[in-house]
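Asker: structure16.txt (compact mmCIF, C-alpha atoms and all ligand atoms) pasted underneath:
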```txt
# COMPACT_ATOMS: atom_id res chain seq x y z
CA MET B 1 20.90 93.10 166.48
CA ARG B 2 23.44 90.39 165.90
CA ARG B 3 25.76 89.50 168.68
CA ALA B 4 28.67 88.48 166.53
CA LEU B 5 30.98 91.43 166.34
CA ALA B 6 29.40 92.73 169.43
CA THR B 7 30.10 95.21 171.99
CA ILE B 8 26.92 96.47 173.52
CA ALA B 9 26.71 100.17 172.79
CA THR B 10 25.07 101.86 175.70
CA ALA B 11 23.55 105.28 175.35
CA ALA B 12 25.94 106.34 178.06
CA ALA B 13 28.94 105.10 176.11
CA LEU B 14 27.90 107.07 173.07
CA ALA B 15 27.23 110.11 175.22
CA THR B 16 30.74 109.75 176.60
CA LEU B 17 32.21 109.64 173.14
CA THR B 18 30.28 112.59 171.84
CA ALA B 19 31.18 114.57 174.95
CA ALA B 20 34.82 113.87 174.21
CA LEU B 21 34.43 114.79 170.59
CA GLY B 22 32.59 118.05 171.14
CA PRO B 23 29.57 119.30 169.19
CA LEU B 24 28.89 117.10 166.21
CA ALA B 25 26.33 118.57 163.88
CA GLY B 26 25.57 121.87 162.27
CA CYS B 27 25.31 123.65 158.96
CA ALA B 28 28.31 125.99 158.65
CA PRO B 29 30.75 124.97 155.86
CA ASP B 30 33.26 123.55 158.33
CA GLU B 31 30.63 121.57 160.23
CA PRO B 32 30.61 117.81 159.68
CA THR B 33 27.84 115.54 158.48
CA VAL B 34 27.09 112.94 161.16
CA VAL B 35 25.28 109.66 160.50
CA SER B 36 24.72 106.89 163.08
CA ARG B 37 23.30 103.49 162.19
CA GLU B 38 23.15 100.03 163.69
CA ALA B 39 25.98 97.99 162.21
CA LEU B 40 28.67 95.53 163.36
CA GLY B 41 26.52 94.49 166.32
CA THR B 42 26.58 98.01 167.75
CA VAL B 43 25.93 101.61 166.70
CA VAL B 44 28.41 102.96 164.17
CA SER B 45 28.74 106.72 163.84
CA ILE B 46 30.44 108.48 160.96
CA THR B 47 31.44 112.14 161.30
CA ALA B 48 32.60 113.38 157.91
CA TYR B 49 33.79 116.70 156.51
CA GLY B 50 33.57 117.78 152.88
CA GLU B 51 32.27 120.72 150.86
CA ASP B 52 29.58 118.83 148.95
CA GLU B 53 27.10 117.51 151.49
CA ALA B 54 25.30 115.27 148.99
CA GLY B 55 28.64 113.73 148.01
CA VAL B 56 29.55 113.25 151.66
CA ARG B 57 26.23 111.52 152.37
CA ALA B 58 26.66 109.23 149.36
CA ALA B 59 30.17 108.35 150.58
CA ILE B 60 28.81 107.55 154.05
CA ASP B 61 26.26 105.19 152.46
CA GLU B 62 29.12 103.49 150.61
CA ALA B 63 31.03 103.17 153.89
CA PHE B 64 28.09 101.35 155.51
CA VAL B 65 27.86 99.05 152.47
CA ALA B 66 31.56 98.25 152.87
CA MET B 67 31.08 97.40 156.55
CA ALA B 68 28.13 95.16 155.72
CA GLY B 69 30.44 93.32 153.30
CA VAL B 70 32.81 92.42 156.13
CA GLU B 71 29.90 91.24 158.27
CA ALA B 72 28.63 89.08 155.41
CA ALA B 73 32.06 87.46 155.28
CA LEU B 74 33.08 87.19 158.93
CA ASP B 75 30.00 87.17 161.16
CA ALA B 76 30.08 83.69 162.68
CA TYR B 77 26.62 84.20 164.19
CA ASP B 78 25.00 84.84 160.81
CA PRO B 79 24.28 81.40 159.33
CA ALA B 80 24.50 82.90 155.83
CA SER B 81 27.99 84.36 156.25
CA GLU B 82 31.05 82.97 154.47
CA VAL B 83 32.69 82.03 157.77
CA SER B 84 29.55 80.14 158.83
CA ARG B 85 29.86 78.15 155.62
CA PHE B 86 33.37 77.21 156.71
CA ASN B 87 32.23 76.45 160.27
CA ALA B 88 29.48 74.12 159.03
CA SER B 89 32.13 71.56 158.00
CA PRO B 90 35.11 72.33 160.21
CA TYR B 91 36.87 68.97 159.67
CA GLU B 92 36.90 69.32 155.88
CA GLU B 93 39.70 71.20 154.18
CA GLN B 94 38.15 74.36 152.73
CA SER B 95 39.02 77.71 151.27
CA LEU B 96 38.92 80.65 153.65
CA PRO B 97 37.01 83.86 152.95
CA ALA B 98 39.40 86.53 151.62
CA ASP B 99 38.63 88.74 154.64
CA ALA B 100 39.58 85.86 156.96
CA VAL B 101 42.91 85.53 155.15
CA GLU B 102 43.51 89.24 155.73
CA VAL B 103 42.81 88.87 159.47
CA LEU B 104 44.96 85.74 159.83
CA ASP B 105 47.86 87.44 158.03
CA ALA B 106 47.54 90.49 160.29
CA ILE B 107 47.60 88.34 163.45
CA GLN B 108 50.87 86.82 162.25
CA ALA B 109 52.37 90.15 161.18
CA LEU B 110 51.62 91.57 164.64
CA ASP B 111 53.19 88.53 166.31
CA ALA B 112 49.94 88.06 168.23
CA ASP B 113 49.35 84.35 167.49
CA ALA B 114 49.89 83.18 171.06
CA GLU B 115 47.23 85.52 172.47
CA PHE B 116 44.80 86.12 169.61
CA SER B 117 43.08 82.90 168.59
CA PRO B 118 40.68 83.06 165.65
CA SER B 119 39.25 79.63 166.49
CA LEU B 120 37.49 80.12 169.83
CA LEU B 121 33.89 79.89 168.57
CA GLY B 122 33.15 76.69 170.49
CA VAL B 123 34.82 78.03 173.64
CA VAL B 124 32.98 81.38 173.63
CA GLY B 125 29.75 79.48 172.99
CA LEU B 126 30.13 77.60 176.27
CA TYR B 127 29.57 80.82 178.21
CA ASP B 128 26.43 81.76 176.24
CA PHE B 129 26.91 85.44 177.10
CA GLU B 130 23.75 86.63 175.35
CA GLY B 131 21.56 83.64 176.18
CA THR B 132 21.43 82.02 179.58
CA PRO B 133 24.91 82.77 180.89
CA SER B 134 26.52 79.81 182.60
CA VAL B 135 29.94 78.88 183.92
CA PRO B 136 31.20 75.99 181.79
CA GLU B 137 32.18 72.66 183.35
CA ASP B 138 35.99 72.26 183.43
CA ALA B 139 35.83 69.10 181.33
CA ASP B 140 33.73 70.79 178.62
CA LEU B 141 36.04 73.76 178.57
CA ALA B 142 39.06 71.47 178.18
CA LEU B 143 37.35 69.68 175.30
CA ALA B 144 36.38 72.90 173.52
CA VAL B 145 39.88 74.37 173.99
CA ALA B 146 41.49 71.21 172.57
CA ALA B 147 39.13 71.29 169.59
CA ALA B 148 39.89 74.99 168.99
CA ASP B 149 43.58 74.19 169.10
CA GLY B 150 43.09 71.86 166.14
CA PHE B 151 42.88 74.78 163.71
CA ILE B 152 45.41 74.31 160.91
CA ARG B 153 46.04 76.78 158.13
CA ILE B 154 47.10 74.51 155.31
CA ASP B 155 48.24 77.27 153.03
CA SER B 156 47.50 80.94 152.67
CA ASP B 157 43.82 80.51 151.89
CA THR B 158 42.82 77.01 152.93
CA ALA B 159 42.33 75.63 156.41
CA VAL B 160 40.83 72.77 158.42
CA PHE B 161 40.31 71.67 162.00
CA SER B 162 42.06 68.43 162.90
CA ARG B 163 40.11 66.11 165.18
CA ASN B 164 42.09 67.10 168.26
CA ALA B 165 39.55 66.20 170.90
CA GLY B 166 36.92 63.62 171.67
CA PRO B 167 35.31 61.46 170.53
CA ASP B 168 32.22 63.28 171.73
CA PRO B 169 29.06 63.79 169.69
CA ARG B 170 29.00 67.45 170.76
CA LEU B 171 32.22 67.98 168.76
CA GLU B 172 30.51 66.97 165.52
CA PRO B 173 29.49 69.70 163.03
CA GLY B 174 26.58 71.64 164.48
CA GLY B 175 27.25 70.27 167.98
CA SER B 176 27.56 72.54 171.01
CA LEU B 177 31.33 72.03 171.28
CA ALA B 178 32.10 71.94 167.55
CA PRO B 179 35.14 74.04 166.70
CA GLY B 180 34.79 77.07 164.48
CA LEU B 181 36.32 80.35 163.45
CA ASP B 182 35.27 83.47 165.38
CA PHE B 183 36.67 86.79 164.19
CA GLY B 184 34.68 88.78 166.75
CA GLY B 185 37.89 90.25 168.17
CA ALA B 186 39.06 91.67 164.84
CA ALA B 187 36.26 92.02 162.28
CA LYS B 188 35.06 95.35 163.57
CA GLY B 189 38.49 96.86 162.97
CA LEU B 190 38.66 95.45 159.45
CA ALA B 191 35.17 96.79 158.74
CA LEU B 192 36.20 100.26 159.92
CA ASP B 193 39.24 100.14 157.61
CA ARG B 194 36.95 99.30 154.68
CA ALA B 195 34.61 102.13 155.64
CA ARG B 196 37.54 104.55 155.74
CA GLU B 197 38.71 103.33 152.31
CA ALA B 198 35.23 103.97 150.94
CA LEU B 199 35.18 107.52 152.30
CA ARG B 200 38.66 108.22 150.96
CA ALA B 201 37.86 106.75 147.53
CA SER B 202 34.74 108.89 147.20
CA GLY B 203 36.85 112.04 146.83
CA ALA B 204 34.02 113.93 148.57
CA VAL B 205 35.25 113.44 152.14
CA THR B 206 38.25 115.44 153.29
CA ALA B 207 38.32 114.18 156.88
CA ALA B 208 36.31 111.74 158.96
CA LEU B 209 36.00 109.81 162.20
CA ILE B 210 34.25 106.44 162.14
CA THR B 211 33.48 104.85 165.48
CA ALA B 212 31.93 101.54 166.46
CA VAL B 213 32.22 102.55 170.14
CA SER B 214 35.01 100.14 171.10
CA SER B 215 37.01 100.76 167.90
CA THR B 216 37.53 103.99 166.02
CA VAL B 217 39.43 105.04 162.90
CA THR B 218 40.18 108.54 161.67
CA LEU B 219 40.82 109.87 158.19
CA GLY B 220 42.77 113.06 157.52
CA SER B 221 42.70 116.26 159.50
CA LYS B 222 39.71 118.34 160.50
CA PRO B 223 39.28 121.65 158.65
CA ASP B 224 40.16 123.64 161.77
CA GLY B 225 43.39 121.69 162.16
CA SER B 226 42.53 120.39 165.64
CA ALA B 227 43.24 116.74 166.48
CA TRP B 228 40.56 114.07 166.71
CA ARG B 229 39.72 113.25 170.33
CA ILE B 230 38.65 109.72 171.26
CA GLY B 231 37.45 109.25 174.80
CA VAL B 232 38.08 106.14 176.90
CA GLU B 233 35.34 105.40 179.40
CA ASP B 234 35.90 104.22 182.96
CA PRO B 235 35.26 100.46 182.74
CA ARG B 236 33.17 100.74 185.91
CA ASP B 237 31.37 104.02 185.08
CA SER B 238 30.55 104.70 181.45
CA SER B 239 29.69 108.33 182.22
CA VAL B 240 33.31 109.18 183.06
CA VAL B 241 36.05 109.74 180.46
CA VAL B 242 39.27 108.53 182.09
CA ALA B 243 41.61 109.14 179.15
CA VAL B 244 41.63 110.76 175.74
CA PHE B 245 43.55 109.57 172.69
CA GLN B 246 44.29 112.53 170.40
CA VAL B 247 45.10 111.61 166.82
CA ASP B 248 46.25 114.00 164.15
CA GLY B 249 45.45 112.68 160.67
CA ASP B 250 44.85 108.99 159.97
CA GLY B 251 44.86 106.75 163.01
CA SER B 252 43.07 104.09 164.95
CA VAL B 253 42.11 103.42 168.58
CA SER B 254 40.58 100.28 170.04
CA THR B 255 39.44 99.23 173.52
CA SER B 256 38.91 95.74 174.90
CA GLY B 257 37.24 95.37 178.27
CA ASP B 258 35.76 93.02 180.82
CA TYR B 259 32.56 95.11 180.91
CA GLN B 260 31.49 94.72 177.28
CA ARG B 261 30.09 91.16 177.40
CA TYR B 262 30.01 89.53 180.81
CA PHE B 263 27.94 88.03 183.59
CA GLU B 264 28.55 87.53 187.28
CA GLN B 265 28.10 84.35 189.24
CA ASP B 266 28.90 83.93 192.95
CA GLY B 267 30.62 87.31 192.92
CA VAL B 268 32.94 86.34 190.03
CA ARG B 269 32.88 88.25 186.74
CA TYR B 270 32.96 86.01 183.65
CA HIS B 271 33.77 88.15 180.63
CA HIS B 272 34.35 87.58 176.96
CA ILE B 273 38.12 87.90 176.54
CA LEU B 274 39.41 84.38 176.96
CA ASP B 275 42.81 82.84 177.50
CA PRO B 276 43.24 80.61 174.42
CA ASP B 277 45.20 78.07 176.49
CA THR B 278 42.53 77.53 179.15
CA GLY B 279 39.32 79.08 177.82
CA ALA B 280 38.98 81.06 181.06
CA PRO B 281 38.32 84.81 181.17
CA VAL B 282 41.63 86.65 181.36
CA ARG B 283 42.25 88.21 184.78
CA GLY B 284 44.32 91.27 185.64
CA MET B 285 42.69 94.09 183.69
CA ARG B 286 39.37 95.84 183.36
CA SER B 287 40.16 97.53 180.08
CA LEU B 288 42.96 98.12 177.64
CA THR B 289 43.05 100.77 174.92
CA VAL B 290 45.63 100.87 172.18
CA GLY B 291 46.09 103.46 169.47
CA GLY B 292 48.43 104.75 166.84
CA ALA B 293 48.60 106.97 163.82
CA ASP B 294 50.12 104.19 161.75
CA LEU B 295 47.83 101.44 163.02
CA SER B 296 45.05 100.14 160.82
CA GLY B 297 41.68 99.56 162.45
CA LEU B 298 42.30 95.83 162.01
CA ALA B 299 45.67 96.03 163.79
CA SER B 300 44.32 98.04 166.71
CA ASP B 301 41.34 95.68 167.12
CA ILE B 302 43.58 92.60 167.10
CA LEU B 303 46.03 94.28 169.47
CA SER B 304 43.48 95.46 172.03
CA THR B 305 42.33 91.86 172.44
CA ALA B 306 45.82 90.31 172.25
CA LEU B 307 47.45 92.78 174.67
CA PHE B 308 44.58 92.28 177.12
CA VAL B 309 45.48 88.58 177.08
CA LYS B 310 49.22 89.34 177.44
CA GLY B 311 48.69 91.21 180.71
CA THR B 312 49.76 94.68 181.80
CA GLY B 313 53.57 94.22 181.92
CA ASP B 314 53.94 92.42 178.59
CA ALA B 315 51.39 94.73 176.95
CA ALA B 316 53.37 97.79 178.04
CA ALA B 317 56.61 96.26 176.73
CA TYR B 318 54.93 95.46 173.39
CA ALA B 319 53.54 99.01 173.07
CA GLU B 320 56.91 100.61 173.82
CA GLU B 321 58.65 98.39 171.29
CA ALA B 322 55.99 99.01 168.63
CA GLY B 323 55.79 102.78 169.26
CA ILE B 324 52.04 102.77 169.90
CA GLY B 325 50.01 104.37 172.69
CA LEU B 326 48.51 102.28 175.48
CA TYR B 327 46.15 102.97 178.37
CA VAL B 328 45.27 100.18 180.82
CA VAL B 329 42.92 100.06 183.79
CA ASP B 330 43.97 97.08 185.90
CA ASP B 331 41.69 94.95 188.04
CA GLU B 332 42.18 97.22 191.05
CA GLY B 333 41.34 100.36 189.10
CA ARG B 334 44.92 101.55 188.66
CA ALA B 335 45.69 103.31 185.39
CA LEU B 336 48.85 102.82 183.37
CA THR B 337 49.73 104.88 180.30
CA VAL B 338 52.42 104.13 177.75
CA PRO B 339 52.77 107.30 175.66
CA ALA B 340 53.33 107.03 171.93
CA PRO B 341 56.61 108.54 170.68
CA ASP B 342 56.57 112.38 170.52
CA ASP B 343 56.49 112.64 166.74
CA SER B 344 54.00 109.80 166.21
CA GLY B 345 50.84 111.89 165.76
CA LEU B 346 49.17 110.34 168.83
CA VAL B 347 48.91 111.82 172.33
CA VAL B 348 47.39 109.92 175.26
CA THR B 349 46.13 112.10 178.13
CA GLU B 350 44.80 110.85 181.46
CA MET B 351 41.65 112.78 182.35
CA ALA B 352 40.45 111.22 185.62
CA SER B 353 41.28 108.39 187.98
CA PRO B 354 39.30 105.23 187.30
CA LYS B 355 37.05 103.92 190.05
CA PRO B 356 38.97 101.82 192.58
P1 LIG B 401 37.38 92.53 171.51
O1 LIG B 401 36.24 93.24 172.13
O2 LIG B 401 37.85 93.12 170.23
O3 LIG B 401 38.52 92.34 172.47
O4 LIG B 401 36.89 91.09 171.07
C1 LIG B 401 36.38 90.17 172.00
C2 LIG B 401 35.76 89.03 171.25
O5 LIG B 401 36.79 88.29 170.59
C3 LIG B 401 35.03 88.05 172.13
O6 LIG B 401 33.67 88.39 172.26
C4 LIG B 401 35.24 86.73 171.40
O7 LIG B 401 34.30 86.60 170.35
C5 LIG B 401 36.60 86.89 170.78
N1 LIG B 401 37.71 86.47 171.66
C6 LIG B 401 37.73 86.22 172.98
N2 LIG B 401 38.96 85.89 173.41
C7 LIG B 401 39.75 85.92 172.31
C8 LIG B 401 41.14 85.66 172.07
N3 LIG B 401 41.97 85.31 173.06
N4 LIG B 401 41.59 85.79 170.80
C9 LIG B 401 40.77 86.15 169.80
N5 LIG B 401 39.46 86.40 169.94
C10 LIG B 401 38.96 86.30 171.19
MG MG B 402 39.68 93.32 169.37
```
Show me, as structure tokens, the structure contained in the file I just sent.
Answerer:
Amino acid sequence: MRRALATIATAAALATLTAALGPLAGCAPDEPTVVSREALGTVVSITAYGEDEAGVRAAIDEAFVAMAGVEAALDAYDPASEVSRFNASPYEEQSLPADAVEVLDAIQALDADAEFSPSLLGVVGLYDFEGTPSVPEDADLALAVAAADGFIRIDSDTAVFSRNAGPDPRLEPGGSLAPGLDFGGAAKGLALDRAREALRASGAVTAALITAVSSTVTLGSKPDGSAWRIGVEDPRDSSVVVAVFQVDGDGSVSTSGDYQRYFEQDGVRYHHILDPDTGAPVRGMRSLTVGGADLSGLASDILSTALFVKGTGDAAAYAEEAGIGLYVVDDEGRALTVPAPDDSGLVVTEMASPKP
């Protein structure tokens, strides 16, 4: 399994989700077809309704093909991907993959540039979360952050890294501190949008929920008219659902957390959501979930990461202003909910207190 777009899907996390969603499979006309496959560095499950089961299954296959297309473009840990081609020569002006342009435009449209950095590949690499985890030296972190900061979008679809740091041989292409684009905080959401488009375009699927565990999109309304229910797990106990996001119709929900990729050293948790200014793991929260009926999967994925970096107070202010739902578990286990507006099609319900 690739680590690129990764959240590690635990069996418990999936059990949590399915518990929140209710029974998933069956054969009555109003029962959905459910298919789960490894994709996007995790397990993706599609629950789809439609009268013609063969048509629904064909549409689900198309949805997985669409998701693989986004991985082929944006997976920075796949040497054959389009973004890896860009990252191989970061100091040369090059065209960006079309999917990268879409992500960069969305970051700007969401006003998330200060918190969501698409250029942290070299910084994330210093922690080596999936290899031999290690706390980076301050000087290396400063070098990698400066190099990441050199990202310049020349025009809509071309970009380059300026030589902002060094000289240091490790900053050269292929070196351990070389700058590069990493869309790991957003690509999953874009892939889910593409999957939803594929299901919609098929004409065979009347309603669906597509989940990659930490991000979920919904399409249409279930035949029985009930809302989709997306469970949020306790960041310190994946068997407990602490909140439920209910979406009626199209919508999207995304969670970022300090428990998805992390290691501990000397009693300190080093996790994968990094402050772009310092390269250090962002403190203050254990998890943040954002959702909305009008949010694309891409927007909710960008926002869960960006609002985690903003911190609880600024995240809540952003959510209120944007009219989206928010649920935060802070670093002492306190929950904060910002409800979506009454007529927005999204309801956030607290189910249990998170662990202290
Ligand atoms: P997510 O789980 O969607 O919040 O994405 C986390 C992933 O995004 C990390 O594993 C990194 O690859 C990347 N990342 C970490 N910090 C940031 C940041 N401040 N801005 C953008 N991407 C980030
Ligand atoms: Mg994200």
Asker: Write out as a PyMOL selection string each polymer residue (protein, DNA or RNA) that has an atom no more than 8 Å from ligand LIG 401 (chain B), with all atoms listed in the file counted.
Answerer: chain B and resi 4-7+115-121+124+182-186+188+214+254-257+260-261+272-276+281+301-302+304-306+308-309
Asker: Restricting the calculation to all atoms listed in the file, which member of B:Asp314, B:Asp52, B:Glu71, B:Asp237 is positioned closest to Gly333 in chain B?
Answerer: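 Of B:Asp314, B:Asp52, B:Glu71, B:Asp237, the one nearest Gly333 in chain B, counting all atoms listed in the file, is B:Asp237.
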Asker: So, with all atoms listed in the file as the atoms that count, which of B:Thr278, B:Thr33, B:Ser300, B:Ser89 lies closest to Val56 in chain B?
Answerer: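 Checking each candidate against Val56 in chain B, we get B:Thr33 as the closest.
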Asker: Please determine the residues with any atom at most 12 Å from (25.2, 101.5, 153.9) (coordinates as given in the file, with all atoms listed in the file counting) and report them as a JSON list (two decimals) with C-alpha atoms, in the frame of the given file.
Answerer:
```
[["chain", "number", "residue", "atom", "x", "y", "z"],
["B", 35, "VAL", "CA", 25.28, 109.66, 160.50],
["B", 36, "SER", "CA", 24.72, 106.89, 163.08],
["B", 37, "ARG", "CA", 23.30, 103.49, 162.19],
["B", 38, "GLU", "CA", 23.15, 100.03, 163.69],
["B", 39, "ALA", "CA", 25.98, 97.99, 162.21],
["B", 40, "LEU", "CA", 28.67, 95.53, 163.36],
["B", 44, "VAL", "CA", 28.41, 102.96, 164.17],
["B", 45, "SER", "CA", 28.74, 106.72, 163.84],
["B", 46, "ILE", "CA", 30.44, 108.48, 160.96],
["B", 57, "ARG", "CA", 26.23, 111.52, 152.37],
["B", 58, "ALA", "CA", 26.66, 109.23, 149.36],
["B", 59, "ALA", "CA", 30.17, 108.35, 150.58],
["B", 60, "ILE", "CA", 28.81, 107.55, 154.05],
["B", 61, "ASP", "CA", 26.26, 105.19, 152.46],
["B", 62, "GLU", "CA", 29.12, 103.49, 150.61],
["B", 63, "ALA", "CA", 31.03, 103.17, 153.89],
["B", 64, "PHE", "CA", 28.09, 101.35, 155.51],
["B", 65, "VAL", "CA", 27.86, 99.05, 152.47],
["B", 66, "ALA", "CA", 31.56, 98.25, 152.87],
["B", 67, "MET", "CA", 31.08, 97.40, 156.55],
["B", 68, "ALA", "CA", 28.13, 95.16, 155.72],
["B", 69, "GLY", "CA", 30.44, 93.32, 153.30],
["B", 194, "ARG", "CA", 36.95, 99.30, 154.68],
["B", 195, "ALA", "CA", 34.61, 102.13, 155.64],
["B", 198, "ALA", "CA", 35.23, 103.97, 150.94],
["B", 199, "LEU", "CA", 35.18, 107.52, 152.30]]
```
Asker: Could you work out how far CA of Glu197 in chain B lies from CA of Gly225 in chain B, giving the answer in Å with one decimal?
Answerer: 21.4 Å
Asker: For CA of Ser226 in chain B and CA of Gly55 in chain B, quote the distance in Å rounded to one decimal.
Answerer: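 According to the coordinates, CA of Ser226 in chain B and CA of Gly55 in chain B are separated by 23.4 Å.
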Asker: If you measure from CA of Ala106 in chain B to CA of Ser156 in chain B, what distance in Å do you get, rounded to one decimal?
Answerer: 12.2 Å
Asker: Taking only C-alpha atoms into account, name the residue in B:Asp155, B:Asp75, B:Glu82, B:Asp250 that is nearest to Ala187 in chain B.
Answerer: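 Among the listed residues, the smallest separation from Ala187 in chain B belongs to B:Asp75.
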Asker: Calculated over all atoms listed in the file, which of the candidates B:Leu303, B:Ile154, B:Val268, B:Leu126 has the smallest distance to ligand MG 402 (chain B)?
Answerer: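 Between B:Leu303, B:Ile154, B:Val268, B:Leu126, the residue approaching ligand MG 402 (chain B) most closely is B:Leu303.
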